[in-house]
>>> print(open('coords.csv').read())   # CSV, C-alpha atoms
chain,number,residue,atom,x,y,z
P,1,MET,CA,15.6,-32.7,-13.0
P,2,PRO,CA,15.7,-36.0,-14.9
P,3,SER,CA,12.7,-36.9,-16.9
P,4,PRO,CA,10.2,-39.3,-15.3
P,5,LYS,CA,11.1,-42.9,-16.1
P,6,PRO,CA,8.4,-45.6,-16.8
P,7,ASP,CA,9.4,-47.6,-13.7
P,8,SER,CA,9.7,-44.7,-11.3
P,9,PRO,CA,7.3,-44.7,-8.4
P,10,ASN,CA,6.5,-41.1,-9.2
P,11,SER,CA,5.5,-41.8,-12.8
P,12,PRO,CA,2.5,-43.6,-14.4
P,13,SER,CA,3.4,-47.2,-15.0
P,14,ASN,CA,2.5,-47.1,-18.7
P,15,LEU,CA,4.4,-43.8,-19.5
P,16,GLU,CA,6.4,-43.9,-22.6
P,17,ALA,CA,9.1,-41.2,-22.8
P,18,PRO,CA,8.3,-38.6,-25.5
P,19,THR,CA,10.8,-38.3,-28.2
P,20,ASN,CA,11.0,-34.5,-28.1
P,21,VAL,CA,12.3,-34.0,-24.6
P,22,LEU,CA,14.4,-30.8,-24.4
P,23,THR,CA,18.1,-31.8,-23.9
P,24,THR,CA,21.2,-30.2,-25.3
P,25,ASP,CA,22.3,-33.4,-27.1
P,26,ASN,CA,18.9,-34.1,-28.7
P,27,PRO,CA,18.2,-31.3,-31.3
P,28,ILE,CA,15.2,-31.4,-33.5
P,29,VAL,CA,16.3,-32.3,-37.0
P,30,ALA,CA,14.9,-30.0,-39.7
P,31,ASP,CA,13.4,-31.3,-42.9
P,32,GLU,CA,15.9,-30.2,-45.5
P,33,ALA,CA,13.4,-30.6,-48.3
P,34,GLY,CA,11.4,-27.7,-46.9
P,35,PHE,CA,7.9,-26.8,-48.0
P,36,GLY,CA,7.8,-23.1,-48.5
P,37,ASP,CA,4.1,-22.1,-48.9
P,38,ASP,CA,3.2,-25.7,-49.8
P,39,ASP,CA,2.6,-27.8,-46.7
P,40,GLY,CA,3.2,-31.1,-48.6
P,41,GLY,CA,0.0,-32.8,-47.4
P,42,TYR,CA,-0.1,-30.9,-44.0
P,43,ASN,CA,-2.8,-28.5,-45.2
P,44,SER,CA,-5.0,-26.5,-42.9
P,45,ASP,CA,-7.7,-23.9,-43.3
P,46,GLN,CA,-7.1,-20.3,-42.2
P,47,ALA,CA,-10.0,-20.7,-39.8
P,48,SER,CA,-11.5,-23.9,-38.2
P,49,THR,CA,-15.1,-24.8,-38.9
P,50,SER,CA,-16.1,-27.0,-36.0
P,51,SER,CA,-17.8,-25.6,-32.9
P,52,THR,CA,-18.7,-26.5,-29.3
P,53,SER,CA,-22.4,-26.1,-28.5
P,54,ILE,CA,-24.2,-24.9,-25.3
P,55,SER,CA,-27.6,-23.4,-24.8
P,56,SER,CA,-27.5,-19.7,-25.8
P,57,SER,CA,-29.7,-18.9,-22.8
P,58,ILE,CA,-26.8,-19.3,-20.4
P,59,ARG,CA,-24.2,-17.6,-22.6
P,60,ASN,CA,-23.3,-14.2,-21.0
P,61,HIS,CA,-20.6,-12.5,-23.1
P,62,THR,CA,-19.3,-9.1,-24.0
P,63,PHE,CA,-18.1,-8.0,-27.5
P,64,GLU,CA,-15.3,-5.7,-28.7
P,65,ASP,CA,-14.8,-5.1,-32.4
P,66,GLY,CA,-16.6,-8.3,-33.2
P,67,ILE,CA,-14.5,-10.4,-30.8
P,68,ARG,CA,-16.3,-12.1,-27.9
P,69,TYR,CA,-15.1,-12.2,-24.3
P,70,HIS,CA,-16.6,-13.6,-21.1
P,71,ARG,CA,-18.8,-11.3,-19.1
P,72,PHE,CA,-18.3,-13.0,-15.7
P,73,HIS,CA,-15.4,-11.0,-14.1
P,74,ASP,CA,-15.1,-9.1,-17.4
P,75,GLY,CA,-11.6,-7.8,-18.1
P,76,GLN,CA,-9.8,-10.2,-15.9
P,77,TYR,CA,-8.9,-12.5,-18.8
P,78,ALA,CA,-7.2,-10.8,-21.7
P,79,PHE,CA,-8.2,-13.4,-24.3
P,80,PRO,CA,-11.5,-14.2,-26.0
P,81,ASN,CA,-13.9,-17.1,-25.7
P,82,ASP,CA,-15.6,-17.2,-29.1
P,83,GLU,CA,-15.9,-20.2,-31.4
P,84,ASN,CA,-12.5,-19.4,-33.0
P,85,GLU,CA,-10.9,-19.5,-29.6
P,86,GLN,CA,-12.7,-22.7,-28.7
P,87,ASN,CA,-11.4,-24.3,-31.8
P,88,ARG,CA,-7.9,-23.2,-30.9
P,89,ASP,CA,-8.3,-24.6,-27.5
P,90,ASP,CA,-9.3,-28.0,-28.9
P,91,MET,CA,-6.3,-27.8,-31.3
P,92,LYS,CA,-3.9,-27.2,-28.5
P,93,HIS,CA,-5.4,-30.2,-26.7
P,94,ALA,CA,-4.7,-32.4,-29.8
P,95,MET,CA,-1.2,-30.9,-30.0
P,96,THR,CA,-0.4,-31.5,-26.4
P,97,LEU,CA,-1.6,-35.1,-26.5
P,98,LEU,CA,0.5,-35.7,-29.6
P,99,LEU,CA,3.6,-34.4,-27.9
P,100,CYS,CA,2.9,-36.4,-24.8
P,101,ASN,CA,2.2,-39.8,-26.5
P,102,GLN,CA,-1.5,-39.4,-25.8
P,103,LYS,CA,-1.0,-39.1,-22.0
P,104,LEU,CA,-3.6,-36.9,-20.3
P,105,HIS,CA,-1.4,-36.6,-17.2
P,106,PHE,CA,2.0,-37.4,-15.9
P,107,ALA,CA,1.2,-37.5,-12.2
P,108,PRO,CA,0.9,-41.1,-10.9
P,109,LEU,CA,-2.8,-41.1,-10.0
P,110,GLY,CA,-3.3,-44.9,-9.6
P,111,ASP,CA,-6.3,-46.7,-11.0
P,112,SER,CA,-9.1,-45.0,-9.2
P,113,PRO,CA,-8.7,-41.4,-8.2
P,114,GLN,CA,-11.9,-40.1,-6.6
P,115,ARG,CA,-11.9,-36.3,-7.0
P,116,ILE,CA,-10.3,-34.4,-9.9
P,117,ILE,CA,-10.6,-30.7,-10.7
P,118,ASP,CA,-9.5,-29.0,-14.0
P,119,LEU,CA,-8.8,-25.3,-13.5
P,120,GLY,CA,-9.5,-23.1,-16.5
P,121,THR,CA,-11.1,-26.0,-18.4
P,122,GLY,CA,-11.9,-24.0,-21.5
P,123,THR,CA,-14.0,-26.2,-23.9
P,124,GLY,CA,-13.7,-29.0,-21.3
P,125,ILE,CA,-12.2,-31.5,-23.7
P,126,TRP,CA,-9.5,-32.6,-21.3
P,127,ALA,CA,-12.0,-33.0,-18.4
P,128,ILE,CA,-14.3,-35.0,-20.7
P,129,GLU,CA,-11.5,-37.4,-21.6
P,130,MET,CA,-10.4,-37.7,-17.9
P,131,ALA,CA,-14.0,-38.5,-16.9
P,132,ASP,CA,-14.2,-41.2,-19.5
P,133,THR,CA,-10.7,-42.6,-18.5
P,134,TYR,CA,-11.6,-42.6,-14.7
P,135,PRO,CA,-15.4,-43.4,-14.5
P,136,SER,CA,-15.1,-43.9,-10.7
P,137,ALA,CA,-13.9,-40.3,-10.3
P,138,GLU,CA,-15.9,-37.1,-9.7
P,139,VAL,CA,-14.5,-34.7,-12.2
P,140,ILE,CA,-15.1,-30.9,-12.1
P,141,GLY,CA,-14.1,-28.4,-14.7
P,142,ILE,CA,-14.3,-24.7,-13.9
P,143,ASP,CA,-13.9,-21.7,-16.1
P,144,LEU,CA,-15.0,-18.1,-16.4
P,145,SER,CA,-16.8,-18.9,-19.6
P,146,PRO,CA,-19.9,-21.2,-20.0
P,147,ILE,CA,-18.6,-22.6,-23.3
P,148,GLN,CA,-18.6,-26.3,-22.5
P,149,PRO,CA,-20.9,-28.9,-24.2
P,150,PRO,CA,-24.0,-30.1,-22.4
P,151,TRP,CA,-23.4,-33.8,-23.4
P,152,VAL,CA,-20.8,-35.0,-20.9
P,153,PRO,CA,-20.0,-38.2,-19.0
P,154,PRO,CA,-22.2,-38.6,-15.9
P,155,ASN,CA,-19.3,-38.2,-13.5
P,156,LEU,CA,-18.4,-34.7,-14.9
P,157,ARG,CA,-19.7,-31.3,-13.9
P,158,PHE,CA,-18.8,-27.9,-15.5
P,159,LEU,CA,-19.0,-24.9,-13.2
P,160,VAL,CA,-18.7,-21.1,-13.9
P,161,ASP,CA,-16.2,-20.0,-11.3
P,162,ASP,CA,-13.0,-17.9,-10.9
P,163,LEU,CA,-10.1,-20.1,-9.9
P,164,GLU,CA,-8.4,-17.0,-8.4
P,165,ASP,CA,-11.3,-16.6,-5.9
P,166,GLU,CA,-11.4,-18.5,-2.6
P,167,TRP,CA,-12.3,-22.1,-3.4
P,168,VAL,CA,-15.7,-23.3,-2.0
P,169,TYR,CA,-14.5,-26.9,-1.7
P,170,PRO,CA,-13.4,-28.5,1.5
P,171,GLU,CA,-9.8,-28.7,2.5
P,172,ASN,CA,-8.0,-31.9,1.7
P,173,HIS,CA,-10.6,-32.7,-0.9
P,174,PHE,CA,-9.0,-33.4,-4.3
P,175,ASP,CA,-6.9,-36.3,-5.4
P,176,TYR,CA,-5.7,-34.4,-8.4
P,177,VAL,CA,-5.6,-30.7,-9.4
P,178,HIS,CA,-4.9,-30.0,-13.1
P,179,VAL,CA,-4.0,-26.7,-14.8
P,180,ARG,CA,-3.1,-26.5,-18.5
P,181,HIS,CA,-2.5,-23.6,-20.9
P,182,THR,CA,-3.9,-21.3,-18.2
P,183,LEU,CA,-1.0,-20.0,-16.1
P,184,HIS,CA,-0.4,-17.1,-18.4
P,185,SER,CA,-3.6,-15.5,-17.2
P,186,ILE,CA,-3.1,-16.1,-13.5
P,187,ARG,CA,-2.5,-12.8,-11.6
P,188,LYS,CA,-1.5,-14.3,-8.3
P,189,PRO,CA,0.1,-17.7,-8.9
P,190,ALA,CA,1.5,-18.0,-5.4
P,191,GLU,CA,-2.0,-17.7,-3.9
P,192,LEU,CA,-3.2,-20.3,-6.4
P,193,MET,CA,-0.5,-22.6,-5.3
P,194,GLU,CA,-1.5,-22.1,-1.7
P,195,ARG,CA,-5.1,-22.9,-2.5
P,196,ALA,CA,-4.1,-26.0,-4.4
P,197,MET,CA,-2.1,-27.2,-1.4
P,198,LYS,CA,-5.0,-26.4,1.0
P,199,HIS,CA,-7.6,-28.3,-1.0
P,200,THR,CA,-5.6,-31.3,-2.2
P,201,LYS,CA,-5.7,-34.4,-0.2
P,202,PRO,CA,-2.5,-35.4,1.7
P,203,GLY,CA,-0.6,-37.5,-0.8
P,204,GLY,CA,-2.6,-36.0,-3.7
P,205,TRP,CA,-1.1,-34.4,-6.8
P,206,VAL,CA,-1.1,-31.0,-8.6
P,207,GLU,CA,0.0,-30.8,-12.2
P,208,PHE,CA,0.7,-28.0,-14.6
P,209,GLN,CA,1.1,-28.4,-18.4
P,210,GLU,CA,2.2,-25.0,-19.6
P,211,LEU,CA,4.0,-23.5,-22.6
P,212,HIS,CA,6.8,-21.1,-22.4
P,213,TYR,CA,5.6,-18.5,-24.9
P,214,TYR,CA,9.0,-17.6,-26.3
P,215,PRO,CA,10.6,-19.1,-29.4
P,216,HIS,CA,13.7,-21.2,-29.0
P,217,CYS,CA,15.8,-23.1,-31.5
P,218,ASP,CA,18.6,-25.7,-31.7
P,219,ASP,CA,20.5,-24.0,-34.4
P,220,GLU,CA,21.2,-20.4,-35.5
P,221,SER,CA,18.0,-19.9,-37.5
P,222,LEU,CA,16.6,-17.4,-35.0
P,223,ASP,CA,19.8,-15.3,-35.0
P,224,ARG,CA,17.9,-12.7,-37.0
P,225,PRO,CA,14.7,-10.7,-36.8
P,226,TYR,CA,11.7,-13.0,-36.3
P,227,ALA,CA,8.3,-11.3,-36.3
P,228,VAL,CA,6.7,-14.1,-34.2
P,229,ARG,CA,9.1,-13.3,-31.4
P,230,GLU,CA,8.3,-9.6,-31.6
P,231,TRP,CA,4.6,-10.4,-31.4
P,232,LEU,CA,5.0,-12.6,-28.3
P,233,GLU,CA,7.1,-9.9,-26.7
P,234,TYR,CA,4.4,-7.3,-27.3
P,235,VAL,CA,1.7,-9.7,-25.9
P,236,ARG,CA,4.0,-10.4,-22.9
P,237,ASP,CA,4.3,-6.7,-22.1
P,238,GLY,CA,0.6,-6.1,-22.7
P,239,VAL,CA,-0.7,-8.9,-20.4
P,240,ALA,CA,1.8,-7.6,-17.8
P,241,ASN,CA,-0.3,-4.5,-17.6
P,242,PHE,CA,-3.3,-6.7,-16.9
P,243,GLY,CA,-1.4,-8.1,-14.0
P,244,SER,CA,-0.4,-11.5,-15.5
P,245,ASP,CA,2.9,-13.1,-16.5
P,246,LEU,CA,2.8,-14.6,-20.0
P,247,ASN,CA,5.9,-16.7,-19.1
P,248,GLY,CA,5.2,-17.5,-15.5
P,249,VAL,CA,6.0,-21.1,-16.2
P,250,THR,CA,9.7,-20.3,-15.8
P,251,LYS,CA,9.0,-19.5,-12.1
P,252,LEU,CA,6.6,-22.3,-11.5
P,253,ARG,CA,8.8,-24.9,-9.9
P,254,GLU,CA,10.0,-22.4,-7.2
P,255,LYS,CA,6.4,-21.5,-6.4
P,256,MET,CA,5.5,-25.1,-6.0
P,257,GLU,CA,8.4,-25.6,-3.7
P,258,ALA,CA,7.5,-22.5,-1.7
P,259,ALA,CA,4.0,-23.8,-1.3
P,260,GLY,CA,5.3,-27.0,0.2
P,261,PHE,CA,4.9,-29.5,-2.6
P,262,ILE,CA,7.3,-32.4,-2.6
P,263,ASN,CA,8.4,-35.1,-5.1
P,264,ILE,CA,8.3,-32.5,-7.9
P,265,GLU,CA,9.0,-33.9,-11.3
P,266,GLU,CA,9.5,-31.7,-14.4
P,267,GLN,CA,9.8,-32.7,-18.0
P,268,VAL,CA,10.3,-30.1,-20.8
P,269,LEU,CA,9.1,-31.0,-24.3
P,270,ARG,CA,9.4,-29.1,-27.5
P,271,CYS,CA,6.5,-27.8,-29.5
P,272,PRO,CA,7.6,-26.8,-33.0
P,273,VAL,CA,6.2,-23.7,-34.7
P,274,GLY,CA,5.4,-24.9,-38.2
P,275,ILE,CA,6.1,-28.0,-40.2
P,276,TRP,CA,9.9,-27.6,-40.5
P,277,PRO,CA,10.9,-30.8,-38.4
P,278,LYS,CA,11.8,-34.0,-40.2
P,279,ASN,CA,10.1,-36.1,-37.6
P,280,ARG,CA,6.5,-36.7,-38.7
P,281,THR,CA,5.0,-36.5,-35.2
P,282,LEU,CA,6.7,-33.2,-34.5
P,283,LYS,CA,5.8,-32.0,-38.0
P,284,LEU,CA,2.1,-32.6,-37.2
P,285,ALA,CA,2.3,-31.0,-33.8
P,286,GLY,CA,4.0,-28.0,-35.4
P,287,LEU,CA,1.1,-27.8,-37.9
P,288,TYR,CA,-1.4,-27.8,-35.0
P,289,TRP,CA,0.5,-25.1,-33.1
P,290,ARG,CA,1.1,-22.9,-36.2
P,291,THR,CA,-2.5,-23.1,-37.1
P,292,ALA,CA,-3.6,-22.3,-33.5
P,293,ILE,CA,-1.3,-19.3,-33.5
P,294,SER,CA,-2.3,-18.1,-37.0
P,295,ASP,CA,-6.0,-18.5,-36.2
P,296,GLY,CA,-5.6,-16.4,-33.0
P,297,LEU,CA,-3.2,-13.7,-34.0
P,298,MET,CA,-5.6,-10.8,-33.7
P,299,SER,CA,-7.7,-12.2,-30.9
P,300,VAL,CA,-4.7,-12.9,-28.8
P,301,ALA,CA,-3.0,-9.6,-29.6
P,302,LYS,CA,-6.0,-7.3,-29.4
P,303,ARG,CA,-6.6,-6.6,-25.7
P,304,PRO,CA,-2.9,-6.9,-24.7
P,305,MET,CA,-1.7,-4.6,-27.4
P,306,GLU,CA,-4.7,-2.2,-27.6
P,307,LYS,CA,-5.6,-1.8,-24.0
P,308,GLY,CA,-2.3,-2.9,-22.5
P,309,LEU,CA,0.1,-1.0,-24.8
P,310,GLY,CA,-2.1,1.6,-26.5
P,311,TRP,CA,-1.9,0.4,-30.1
P,312,SER,CA,-4.8,1.1,-32.5
P,313,VAL,CA,-6.5,-1.9,-34.1
P,314,ALA,CA,-5.2,-0.7,-37.5
P,315,GLU,CA,-1.6,-0.6,-36.2
P,316,ILE,CA,-2.0,-4.2,-34.9
P,317,GLU,CA,-3.4,-5.4,-38.2
P,318,VAL,CA,-0.5,-4.0,-40.1
P,319,PHE,CA,2.0,-5.4,-37.7
P,320,LEU,CA,0.4,-8.9,-37.9
P,321,VAL,CA,1.0,-9.1,-41.7
P,322,GLY,CA,4.7,-9.8,-41.0
P,323,VAL,CA,3.9,-12.2,-38.2
P,324,ARG,CA,1.7,-14.3,-40.5
P,325,LYS,CA,4.5,-14.4,-43.1
P,326,ALA,CA,7.1,-15.5,-40.6
P,327,LEU,CA,4.8,-18.2,-39.2
P,328,HIS,CA,4.9,-19.9,-42.7
P,329,ASP,CA,8.6,-19.5,-43.2
P,330,SER,CA,10.2,-22.9,-42.6
P,331,SER,CA,13.7,-21.5,-42.5
P,332,PHE,CA,12.9,-20.5,-38.9
P,333,HIS,CA,13.4,-23.6,-36.8
P,334,ALA,CA,11.5,-22.3,-33.8
P,335,TYR,CA,9.8,-24.3,-31.0
P,336,MET,CA,8.3,-23.4,-27.7
P,337,PRO,CA,9.1,-25.4,-24.5
P,338,LEU,CA,6.2,-27.2,-23.0
P,339,HIS,CA,6.7,-27.8,-19.3
P,340,MET,CA,5.0,-30.8,-17.7
P,341,LEU,CA,5.4,-30.2,-14.0
P,342,TYR,CA,3.7,-32.1,-11.1
P,343,GLY,CA,4.2,-32.2,-7.3
P,344,GLN,CA,2.7,-34.0,-4.3
P,345,LYS,CA,1.1,-32.7,-1.1
P,346,PRO,CA,3.0,-34.2,1.8
P,347,SER,CA,1.1,-37.1,3.4
P,348,ASP,CA,1.7,-35.7,6.9
P,349,LYS,CA,-0.4,-32.6,6.3
P,350,ALA,CA,-3.2,-32.3,8.9
P,351,VAL,CA,-6.6,-33.3,7.7
P,352,ARG,CA,-9.7,-31.3,8.4
P,353,THR,CA,-13.3,-32.4,7.5
P,354,ASP,CA,-15.6,-29.7,6.1
P,355,THR,CA,-19.0,-29.9,4.5
P,356,ASP,CA,-19.2,-29.4,0.7
P,357,GLU,CA,-20.5,-26.1,-0.5
P,358,GLY,CA,-22.0,-25.2,-3.9
P,359,THR,CA,-21.0,-22.9,-6.7
P,360,THR,CA,-22.6,-21.5,-9.8
P,361,GLU,CA,-23.3,-24.3,-12.4
P,362,ALA,CA,-22.8,-23.6,-16.2
>>> encode(input="coords.csv", output="C-alpha cells")
Amino acid sequence: MPSPKPDSPNSPSNLEAPTNVLTTDNPIVADEAGFGDDDGGYNSDQASTSSTSISSSIRNHTFEDGIRYHRFHDGQYAFPNDENEQNRDDMKHAMTLLLCNQKLHFAPLGDSPQRIIDLGTGTGIWAIEMADTYPSAEVIGIDLSPIQPPWVPPNLRFLVDDLEDEWVYPENHFDYVHVRHTLHSIRKPAELMERAMKHTKPGGWVEFQELHYYPHCDDESLDRPYAVREWLEYVRDGVANFGSDLNGVTKLREKMEAAGFINIEEQVLRCPVGIWPKNRTLKLAGLYWRTAISDGLMSVAKRPMEKGLGWSVAEIEVFLVGVRKALHDSSFHAYMPLHMLYGQKPSDKAVRTDTDEGTTEA
C-alpha cells in the first residue's frame, strides 16, 4: 500500500512524509565513524530519573521481586507499571513523534473531532497532547493501571478499565479510536477490532501505531548471532503462553479488513536500535529506543521468561548481560518496523442511539 500523501483525502492536510519510510530502495545509511561505547554527545543514563505522579491512595499494585505490576485483572498484562516502565512509556512517545515528524495521528480527523478514546493509555502522555490539540473534543484514556497524572486538560478523563472487556460506551460513539504500543498484550485482537467497529461513528477512524518487535536490517550486519534478537524471540514465546502475540501487528491489516473497515492506509517506518544511523533524526530516535530497551530488559523479560518459559531470575540476569552488550554494539545496523495503520468505519453502517454508561475512574 502506498504511503499517505499530503494531498490525499485520506491523509491529514499538513502531513509531511517521514524520511524513514520502509522501502527496498531507501536503506538507512550507517554512520561509518561509529561510536563504540562513546555515544558522541548522545549520552543517556542507565535509568531515567523523571516520574509521573498520582495520589498513592488510588494506586493498587502487586509486586514480584521488587518489580511492580497492576493489580486490576492481575496477570493479564505481562509487563510492569512502575516508574521505570512509565519513563520508558514516555520515551517511546518521544521516539514515535520523532519518527512521525511530530504527528500525533495519521488518520484525517478534521479540525474538530468530538469524541476520542485512547486504549492502553499508559502514562497518558498521548491523550494529554491530543486533548490540548483538540480542545473541543472529549478525550478518554483507559488503562489497567492508575498511573496517569492528576493535572490534565479539562476535556480529558482517565479511567481504569480493561479494553478487552465489553465497552460500556454507546454504539456509534467515537470519532477516533487510538491504540499505540499496546497490541502485543491483546489476547483477542479480532474481538477488539469488532468492538472498535461497533463503537466508532459511521465515517469515524481507528488507528494503530505498533512496532514489529523483531530486528531487521538493510545490509548483512544481522547475518550472525545477535543477542537482542534472541531476547525478543524468548519474550515472544513467553507472552504467547500468556495468550498474546508479540508481533500481532503483522496480522493487523487483515483483521481490520475482516472487521469491515475501509479506506485502510498503512505506512511502515523504521525505528533504529542504537545510534548507528548517519541521519541525526534517526540517530536520536535510535538512542531513545535503545535506552527504552536497555532500561526495561529485566522488567520486560521477567514474566514472559520466568512464568512463561520457566527460567529462573538468575538465568535471565546472566542471559541479559550479552543482550546489553549487543545493544551498544553499533556494528549491528538493526531497526524495528513501526506500522502506522488506520481505517474507516463505513458511513452506511446503521446508527443506534444508546445512553451513556459509567465506568471506574482513576
>>> residues_around(input="coords.csv", residues="Gly203 (chain P)", least_positions_apart="3", cutoff="7 Å", atoms="all atoms listed in the file", output="number ranges by chain")
P: 344-347
>>> closest_atom_pairs(input="coords.csv", of="region 265-313 of chain P", to="region 26-29 of chain P", cutoff="10 Å", atoms="all atoms listed in the file", output="JSON lines")
{"residue": "P:Arg270", "atom": "CA", "partner": "P:Ile28", "partner_atom": "CA", "distance": 8.7}
{"residue": "P:Pro272", "atom": "CA", "partner": "P:Ile28", "partner_atom": "CA", "distance": 8.9}
{"residue": "P:Trp276", "atom": "CA", "partner": "P:Val29", "partner_atom": "CA", "distance": 8.7}
{"residue": "P:Pro277", "atom": "CA", "partner": "P:Val29", "partner_atom": "CA", "distance": 5.8}
{"residue": "P:Lys278", "atom": "CA", "partner": "P:Val29", "partner_atom": "CA", "distance": 5.8}
{"residue": "P:Asn279", "atom": "CA", "partner": "P:Val29", "partner_atom": "CA", "distance": 7.3}
{"residue": "P:Leu282", "atom": "CA", "partner": "P:Ile28", "partner_atom": "CA", "distance": 8.7}
>>> atom_distance(input="coords.csv", atom1="CA of Leu338 (chain P)", atom2="CA of His178 (chain P)")
15.1 Å
>>> atom_distance(input="coords.csv", atom1="CA of Thr200 (chain P)", atom2="CA of Ile128 (chain P)")
20.8 Å
>>> closest_residue(input="coords.csv", among="P:Pro337, P:Gly124, P:Pro135, P:Pro150", to="Thr250 (chain P)", atoms="all atoms listed in the file")
P:Pro337
>>> closest_atom_pairs(input="coords.csv", of="region 209-265 of chain P", to="region 86-98 of chain P", cutoff="10 Å", atoms="all atoms listed in the file", output="CSV")
residue,atom,partner,partner_atom,distance
P:Gln209,CA,P:Thr96,CA,8.7
P:Glu210,CA,P:Thr96,CA,9.8
P:Leu211,CA,P:Thr96,CA,9.9
>>> write_last_selection(input="coords.csv", atoms="C-alpha atoms", output="JSON list (two decimals), in the coordinates of the input")
[["chain", "number", "residue", "atom", "x", "y", "z"],
["P", 209, "GLN", "CA", 1.10, -28.40, -18.40],
["P", 210, "GLU", "CA", 2.20, -25.00, -19.60],
["P", 211, "LEU", "CA", 4.00, -23.50, -22.60]]
>>> closest_residue(input="coords.csv", among="P:Ala326, P:Arg187, P:Trp151, P:Ile116", to="Arg224 (chain P)", atoms="all atoms listed in the file")
P:Ala326
>>> atom_distance(input="coords.csv", atom1="CA of Glu266 (chain P)", atom2="CA of His181 (chain P)")
15.9 Å
>>> residues_around(input="coords.csv", residues="Glu257 (chain P)", least_positions_apart="5", cutoff="10 Å", atoms="all atoms listed in the file", output="VMD selection string")
chain P and resid 193 252 262 to 264 343
>>> closest_residue(input="coords.csv", among="P:Val160, P:Leu192, P:Cys271, P:Ile140", to="His212 (chain P)", atoms="only C-alpha atoms")
P:Cys271
>>> closest_residue(input="coords.csv", among="P:Asp31, P:Glu306, P:Asp118, P:Glu129", to="Phe332 (chain P)", atoms="all atoms listed in the file")
P:Asp31
>>> closest_residue(input="coords.csv", among="P:Leu246, P:Val152, P:Ser145, P:Pro113", to="Ile125 (chain P)", atoms="all atoms listed in the file")
P:Val152
>>> closest_residue(input="coords.csv", among="P:Ala314, P:Val206, P:Met305, P:Val139", to="Phe106 (chain P)", atoms="all atoms listed in the file")
P:Val206
